[in-house]
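Dumped run_4.cif below, it's mmCIF, C-alpha atoms:
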```
data_coords
#
loop_
_atom_site.label_atom_id
_atom_site.label_comp_id
_atom_site.auth_asym_id
_atom_site.auth_seq_id
_atom_site.Cartn_x
_atom_site.Cartn_y
_atom_site.Cartn_z
CA MET A 1052 114.13 87.29 108.40
CA LYS A 1053 111.51 86.54 105.73
CA GLY A 1054 108.79 83.91 106.00
CA THR A 1055 108.30 80.83 103.84
CA SER A 1056 105.31 78.72 102.87
CA LYS A 1057 105.97 76.62 106.01
CA GLU A 1058 106.89 79.14 108.73
CA TYR A 1059 106.81 82.79 109.64
CA GLY A 1060 110.00 84.80 109.30
CA ARG A 1061 112.07 85.75 112.33
CA LEU A 1062 110.73 89.32 112.44
CA ALA A 1063 107.09 88.14 112.36
CA GLN A 1064 107.90 85.58 115.06
CA ALA A 1065 109.60 88.16 117.28
CA LEU A 1066 106.73 90.64 116.86
CA HIS A 1067 104.19 87.88 117.65
CA TRP A 1068 105.91 86.73 120.83
CA LEU A 1069 106.66 90.24 122.07
CA SER A 1070 103.03 91.23 121.49
CA SER A 1071 101.86 88.01 123.17
CA VAL A 1072 103.88 88.64 126.31
CA LEU A 1073 102.69 92.24 126.53
CA ILE A 1074 99.06 91.22 126.01
CA LEU A 1075 99.39 88.53 128.66
CA VAL A 1076 100.60 91.28 131.02
CA LEU A 1077 97.86 93.74 130.03
CA TRP A 1078 94.86 91.60 130.86
CA PRO A 1079 95.69 90.71 134.49
CA LEU A 1080 97.06 94.21 134.99
CA GLY A 1081 93.74 95.66 133.83
CA PHE A 1082 91.84 93.23 136.05
CA LEU A 1083 93.96 94.14 139.07
CA MET A 1084 94.08 97.90 138.57
CA VAL A 1085 90.31 98.39 138.61
CA ARG A 1086 90.06 96.48 141.90
CA MET A 1087 92.83 98.19 143.90
CA SER A 1088 92.04 100.36 146.89
CA ASP A 1089 95.47 102.04 147.20
CA VAL A 1090 95.05 105.06 144.91
CA VAL A 1091 98.77 105.65 144.38
CA SER A 1092 99.41 102.05 143.31
CA GLN A 1093 96.22 102.04 141.27
CA ALA A 1094 97.29 105.17 139.38
CA ARG A 1095 100.69 103.63 138.66
CA LEU A 1096 99.07 100.44 137.32
CA TYR A 1097 96.74 102.49 135.10
CA GLN A 1098 99.74 104.38 133.72
CA ILE A 1099 101.65 101.15 133.07
CA HIS A 1100 98.54 99.64 131.44
CA VAL A 1101 98.16 102.62 129.11
CA GLY A 1102 101.88 102.61 128.24
CA ILE A 1103 101.91 98.90 127.44
CA GLY A 1104 98.64 99.26 125.53
CA LEU A 1105 100.15 101.96 123.33
CA LEU A 1106 103.17 99.74 122.70
CA VAL A 1107 100.90 96.83 121.71
CA VAL A 1108 99.07 99.09 119.24
CA ILE A 1109 102.38 100.15 117.66
CA LEU A 1110 103.52 96.53 117.45
CA THR A 1111 100.18 95.50 115.95
CA VAL A 1112 100.43 98.18 113.25
CA VAL A 1113 103.97 96.98 112.45
CA ARG A 1114 102.75 93.36 112.40
CA VAL A 1115 99.92 94.16 109.98
CA ILE A 1116 102.24 96.11 107.67
CA TRP A 1117 104.84 93.33 107.79
CA HIS A 1118 102.12 90.74 107.09
CA PHE A 1119 101.55 92.37 103.70
CA MET A 1120 105.28 92.65 102.95
CA ASP A 1121 106.31 89.12 103.97
CA GLU A 1122 105.36 85.68 102.73
CA VAL A 1123 102.68 84.18 104.96
CA PRO A 1124 102.73 80.42 105.58
CA GLU A 1125 99.89 78.27 104.35
CA SER A 1126 97.30 77.17 106.89
CA PRO A 1127 98.44 74.20 108.95
CA ALA A 1128 98.01 70.88 107.13
CA GLY A 1129 95.12 68.60 107.96
CA LEU A 1130 92.56 71.17 109.03
CA THR A 1131 88.95 70.44 108.17
CA PRO A 1132 87.29 73.14 106.07
CA PHE A 1133 85.45 74.35 109.20
CA ASN A 1134 88.67 74.47 111.25
CA ALA A 1135 90.50 76.24 108.41
CA LYS A 1136 87.84 78.99 108.48
CA LEU A 1137 87.97 79.06 112.27
CA PHE A 1138 91.78 79.39 112.09
CA LEU A 1139 91.49 82.35 109.69
CA TRP A 1140 88.67 84.12 111.53
CA THR A 1141 90.20 83.69 114.97
CA HIS A 1142 93.41 85.36 113.76
CA ASN A 1143 91.52 88.14 111.98
CA LEU A 1144 89.27 88.78 114.98
CA LEU A 1145 92.25 88.94 117.32
CA TYR A 1146 93.74 91.72 115.19
CA ILE A 1147 90.40 93.52 114.90
CA PHE A 1148 89.83 93.33 118.65
CA LEU A 1149 93.32 94.65 119.38
CA PHE A 1150 92.53 97.74 117.33
CA VAL A 1151 89.03 98.15 118.75
CA LEU A 1152 90.38 97.78 122.29
CA ALA A 1153 92.95 100.47 121.53
CA ILE A 1154 90.27 102.76 120.08
CA SER A 1155 87.95 102.26 123.06
CA GLY A 1156 90.81 102.82 125.51
CA ALA A 1157 91.90 105.97 123.70
CA ALA A 1158 88.29 107.20 123.51
CA MET A 1159 87.91 106.62 127.24
CA LEU A 1160 90.98 108.72 128.00
CA ILE A 1161 90.22 111.45 125.47
CA SER A 1162 86.57 111.76 126.55
CA SER A 1163 87.84 112.17 130.12
CA GLY A 1164 90.14 115.01 129.01
CA LEU A 1165 93.31 113.07 129.83
CA GLY A 1166 94.90 112.66 126.40
CA LEU A 1167 97.01 109.63 125.49
CA SER A 1168 100.09 110.22 127.61
CA PRO A 1169 100.37 107.52 130.29
CA ARG A 1170 101.68 110.17 132.74
CA ASN A 1171 98.34 112.00 132.61
CA VAL A 1172 96.24 108.98 133.54
CA LEU A 1173 94.64 109.17 136.95
CA PRO A 1174 91.85 106.64 137.59
CA GLU A 1175 89.66 109.09 139.51
CA LEU A 1176 89.57 111.38 136.44
CA ILE A 1177 88.36 108.71 134.02
CA ASN A 1178 84.69 109.23 133.23
CA ASP A 1179 82.27 106.35 133.58
CA SER A 1180 81.34 106.44 129.92
CA LEU A 1181 80.37 104.30 126.95
CA PRO A 1182 84.04 103.90 125.85
CA ARG A 1183 84.94 102.66 129.34
CA SER A 1184 82.10 100.11 129.33
CA ALA A 1185 83.00 99.07 125.79
CA HIS A 1186 86.66 98.63 126.72
CA SER A 1187 85.71 96.43 129.66
CA LEU A 1188 83.36 94.25 127.59
CA LEU A 1189 85.73 94.02 124.61
CA SER A 1190 88.60 92.93 126.86
CA LYS A 1191 86.52 89.97 128.02
CA VAL A 1192 85.58 88.98 124.47
CA PHE A 1193 89.23 89.34 123.45
CA LEU A 1194 90.24 87.03 126.30
CA LEU A 1195 87.77 84.40 125.03
CA LEU A 1196 89.24 84.69 121.52
CA LEU A 1197 92.74 84.41 122.94
CA ILE A 1198 91.79 81.27 124.88
CA ALA A 1199 90.26 79.81 121.70
CA HIS A 1200 93.45 80.63 119.79
CA ILE A 1201 95.72 79.06 122.40
CA GLY A 1202 93.40 76.06 122.71
CA GLY A 1203 93.46 75.55 118.95
CA VAL A 1204 97.25 75.72 118.86
CA VAL A 1205 97.60 73.24 121.73
CA ARG A 1206 95.02 70.86 120.21
CA TYR A 1207 96.71 70.95 116.81
CA GLN A 1208 100.16 70.55 118.38
CA LEU A 1209 99.04 67.47 120.31
CA THR A 1210 96.98 65.78 117.60
CA LYS A 1211 98.08 66.83 114.12
CA GLY A 1212 101.61 68.18 113.95
CA ASN A 1213 104.14 70.77 114.96
CA THR A 1214 102.36 74.08 114.49
CA LEU A 1215 104.58 75.82 117.06
CA ALA A 1216 107.54 75.44 114.71
CA ARG A 1217 105.77 77.94 112.41
CA MET A 1218 106.29 80.51 115.17
CA GLY A 1219 109.89 79.58 115.95
CA VAL A 1220 109.25 77.35 118.98
CA PRO A 1221 111.49 74.26 118.77
CA ILE A 1222 109.10 71.81 120.47
CA SER A 1223 108.28 68.50 118.85
CA SER A 1224 104.71 67.39 118.51
CA PRO A 1225 103.78 64.03 120.12
CA LYS A 1226 103.02 62.90 116.54
CA GLU A 1227 106.71 63.45 115.64
CA LEU A 1228 108.17 61.56 118.60
#
```

Please rewrite the model in this file as structure tokens.
Amino acid sequence: MKGTSKEYGRLAQALHWLSSVLILVLWPLGFLMVRMSDVVSQARLYQIHVGIGLLVVILTVVRVIWHFMDEVPESPAGLTPFNAKLFLWTHNLLYIFLFVLAISGAAMLISSGLGLSPRNVLPELINDSLPRSAHSLLSKVFLLLLIAHIGGVVRYQLTKGNTLARMGVPISSPKEL
């Protein structure tokens, strides 16, 4: 359950992968829902998006709390000083953006008088406001950070060593074969 200096614990791994899957559902869902013409389907997608978003926020809070309670592995071996800082800042920014996205999404709903219950969300009632514009822009920046994170993991996995093992994925690196 607990982490070591080499890998994250099972709880941290499970929270990471569950959050990852939900986030990978949120982004295309958000992209699709704002482009739909069928208002009934669009409303349902908005409600699902808000529900999943709230779940991601809860998971992120749990992840941050657990991060301070569990042992965190050292940075992957062999990183240059620049890449070590990039590794740290990419992770920190991903967490920050998750919270800022949640705040902007909540502000959008609250400023539209809808509250935070997914059942109350109707797209036609959402005001075209600063929180809505911010949420849209922040989601795109978050996607770029996520692509950078995934790209860094893949690059490290292929060239340096088995970084996926830190997150419980039993795949060997080409360097280990």

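Comparing A:Leu1080, A:Tyr1207, A:Leu1197, A:Asn1171 by their smallest distance to Asn1143 (chain A), the closest is A:Leu1197 (using all atoms listed in the file).
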
Discussion item. Restricting the calculation to all atoms listed in the file: of A:Met1084, A:Val1151, A:Leu1165, A:Val1107, which residue gets closest to Asn1178 (chain A)?
Written reply: A:Leu1165

Discussion item. Calculated over all atoms listed in the file, which of the candidates A:Pro1132, A:Leu1181, A:Leu1062, A:Pro1174 has the smallest distance to Ile1116 (chain A)?
Written reply: A:Leu1062

Item to complete: Using the chain letters and numbers from the file, give me the residues hit by the PyMOL selection byres ((chain A and resi 1173) around 9), as an MDAnalysis selection string.
Response: chainID A and resid 1090 1093:1095 1097:1098 1165 1169:1172 1174:1177

Excluding region 1119-1126 of chain A and its own-chain neighbours fewer than 3 positions away, which residues fall within 9 Å of it when counting only C-alpha atoms? Please give them as a CSV table (one decimal) with C-alpha atoms, in the frame of the given file.
```csv
chain,number,residue,atom,x,y,z
A,1053,LYS,CA,111.5,86.5,105.7
A,1054,GLY,CA,108.8,83.9,106.0
A,1055,THR,CA,108.3,80.8,103.8
A,1056,SER,CA,105.3,78.7,102.9
A,1057,LYS,CA,106.0,76.6,106.0
A,1058,GLU,CA,106.9,79.1,108.7
A,1059,TYR,CA,106.8,82.8,109.6
A,1060,GLY,CA,110.0,84.8,109.3
A,1063,ALA,CA,107.1,88.1,112.4
A,1114,ARG,CA,102.8,93.4,112.4
A,1115,VAL,CA,99.9,94.2,110.0
A,1116,ILE,CA,102.2,96.1,107.7
A,1129,GLY,CA,95.1,68.6,108.0
A,1130,LEU,CA,92.6,71.2,109.0
A,1135,ALA,CA,90.5,76.2,108.4
A,1138,PHE,CA,91.8,79.4,112.1
A,1139,LEU,CA,91.5,82.4,109.7
A,1217,ARG,CA,105.8,77.9,112.4
```

Practice prompt. Determine the residue membership of the PyMOL selection byres ((chain A and resi 1201) around 12) for the file above and supply it as JSON, numbers by chain.
Written response: {"A": [1071, 1075, 1138, 1141, 1142, 1145, 1194, 1195, 1196, 1197, 1198, 1199, 1200, 1202, 1203, 1204, 1205, 1206, 1207, 1208, 1214, 1215]}

Worksheet item: In file coordinates, which residues lie within 12 Å of (89.4, 92.1, 134.9) using all atoms listed in the file, given as number ranges by chain?
Response: A: 1076-1087, 1186-1194

Worksheet item: Is there a way to get, as a ChimeraX atom specification, all residues within 8 Å of the point (93.4, 99.7, 125.4) in file coordinates, counting all atoms listed in the file?
Response: /A:1100-1101,1104-1105,1149,1152-1157,1186

Discussion item. Calculated over only C-alpha atoms, which of the candidates A:Ala1158, A:Leu1167, A:Val1091, A:Ile1103 has the smallest distance to Ala1185 (chain A)?
Written reply: A:Ala1158

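Atom to atom, CA of Ser1092 (chain A) and CA of Leu1160 (chain A) stand 18.7 Å apart.
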
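Across the structure, CA of Thr1131 (chain A) and CA of Tyr1146 (chain A) are spaced 22.9 Å apart.
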
Return as AutoDock Vina command-line options the centre and edge lengths, in Å with one decimal, of the box along x, y and z that encloses every atom of region 1085-1096 of chain A in the file, padded by 8 Å per side.
```
--center_x 95.4 --center_y 101.1 --center_z 142.3 --size_x 26.6 --size_y 25.2 --size_z 25.9
```

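For the pair CA of Leu1137 (chain A) and CA of Met1218 (chain A), the separation is 18.6 Å.
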
Since fewer atoms than expected are present, regenerate N, CA and C atoms for region 1197-1225 of chain A and write them as a compact mmCIF listing (two decimals), keeping the file's coordinate frame.
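This went into result_9.txt:
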```txt
# COMPACT_ATOMS: atom_id res chain seq x y z
N LEU A 1197 91.37 84.81 122.66
CA LEU A 1197 92.74 84.41 122.94
C LEU A 1197 92.79 82.98 123.48
N ILE A 1198 91.86 82.64 124.36
CA ILE A 1198 91.79 81.27 124.88
C ILE A 1198 91.48 80.30 123.75
N ALA A 1199 90.57 80.67 122.85
CA ALA A 1199 90.26 79.81 121.70
C ALA A 1199 91.49 79.63 120.82
N HIS A 1200 92.23 80.70 120.60
CA HIS A 1200 93.45 80.63 119.79
C HIS A 1200 94.48 79.69 120.42
N ILE A 1201 94.74 79.90 121.70
CA ILE A 1201 95.72 79.06 122.40
C ILE A 1201 95.24 77.62 122.44
N GLY A 1202 93.96 77.42 122.71
CA GLY A 1202 93.40 76.06 122.71
C GLY A 1202 93.54 75.37 121.37
N GLY A 1203 93.30 76.12 120.29
CA GLY A 1203 93.46 75.55 118.95
C GLY A 1203 94.90 75.17 118.66
N VAL A 1204 95.82 76.02 119.07
CA VAL A 1204 97.25 75.72 118.86
C VAL A 1204 97.65 74.47 119.64
N VAL A 1205 97.25 74.40 120.89
CA VAL A 1205 97.60 73.24 121.73
C VAL A 1205 96.97 71.97 121.16
N ARG A 1206 95.70 72.04 120.77
CA ARG A 1206 95.02 70.86 120.21
C ARG A 1206 95.73 70.37 118.94
N TYR A 1207 96.03 71.32 118.05
CA TYR A 1207 96.71 70.95 116.81
C TYR A 1207 98.09 70.35 117.11
N GLN A 1208 98.81 71.01 118.02
CA GLN A 1208 100.16 70.55 118.38
C GLN A 1208 100.13 69.12 118.90
N LEU A 1209 99.12 68.80 119.69
CA LEU A 1209 99.04 67.47 120.31
C LEU A 1209 98.48 66.40 119.39
N THR A 1210 97.67 66.79 118.41
CA THR A 1210 96.98 65.78 117.60
C THR A 1210 97.39 65.71 116.14
N LYS A 1211 97.84 66.81 115.57
CA LYS A 1211 98.08 66.83 114.12
C LYS A 1211 99.54 67.00 113.72
N GLY A 1212 100.24 67.91 114.37
CA GLY A 1212 101.61 68.18 113.95
C GLY A 1212 102.19 69.37 114.66
N ASN A 1213 103.38 69.74 114.26
CA ASN A 1213 104.14 70.77 114.96
C ASN A 1213 103.82 72.16 114.43
N THR A 1214 102.73 72.73 114.92
CA THR A 1214 102.36 74.08 114.49
C THR A 1214 103.19 75.15 115.19
N LEU A 1215 103.75 74.83 116.36
CA LEU A 1215 104.58 75.82 117.06
C LEU A 1215 105.87 76.12 116.32
N ALA A 1216 106.33 75.20 115.50
CA ALA A 1216 107.54 75.44 114.71
C ALA A 1216 107.33 76.62 113.75
N ARG A 1217 106.08 76.82 113.30
CA ARG A 1217 105.77 77.94 112.41
C ARG A 1217 106.11 79.27 113.07
N MET A 1218 106.04 79.29 114.41
CA MET A 1218 106.29 80.51 115.17
C MET A 1218 107.63 80.48 115.88
N GLY A 1219 108.52 79.59 115.45
CA GLY A 1219 109.89 79.58 115.95
C GLY A 1219 110.09 78.87 117.27
N VAL A 1220 109.12 78.08 117.72
CA VAL A 1220 109.25 77.35 118.98
C VAL A 1220 109.72 75.93 118.67
N PRO A 1221 110.92 75.58 119.12
CA PRO A 1221 111.49 74.26 118.77
C PRO A 1221 110.99 73.14 119.71
N ILE A 1222 109.68 72.89 119.67
CA ILE A 1222 109.10 71.81 120.47
C ILE A 1222 108.53 70.80 119.49
N SER A 1223 108.82 69.54 119.71
CA SER A 1223 108.28 68.50 118.85
C SER A 1223 106.86 68.17 119.25
N SER A 1224 106.06 67.86 118.28
CA SER A 1224 104.71 67.39 118.51
C SER A 1224 104.76 65.93 118.94
N PRO A 1225 103.81 65.46 119.77
CA PRO A 1225 103.78 64.03 120.12
C PRO A 1225 103.69 63.15 118.86
```
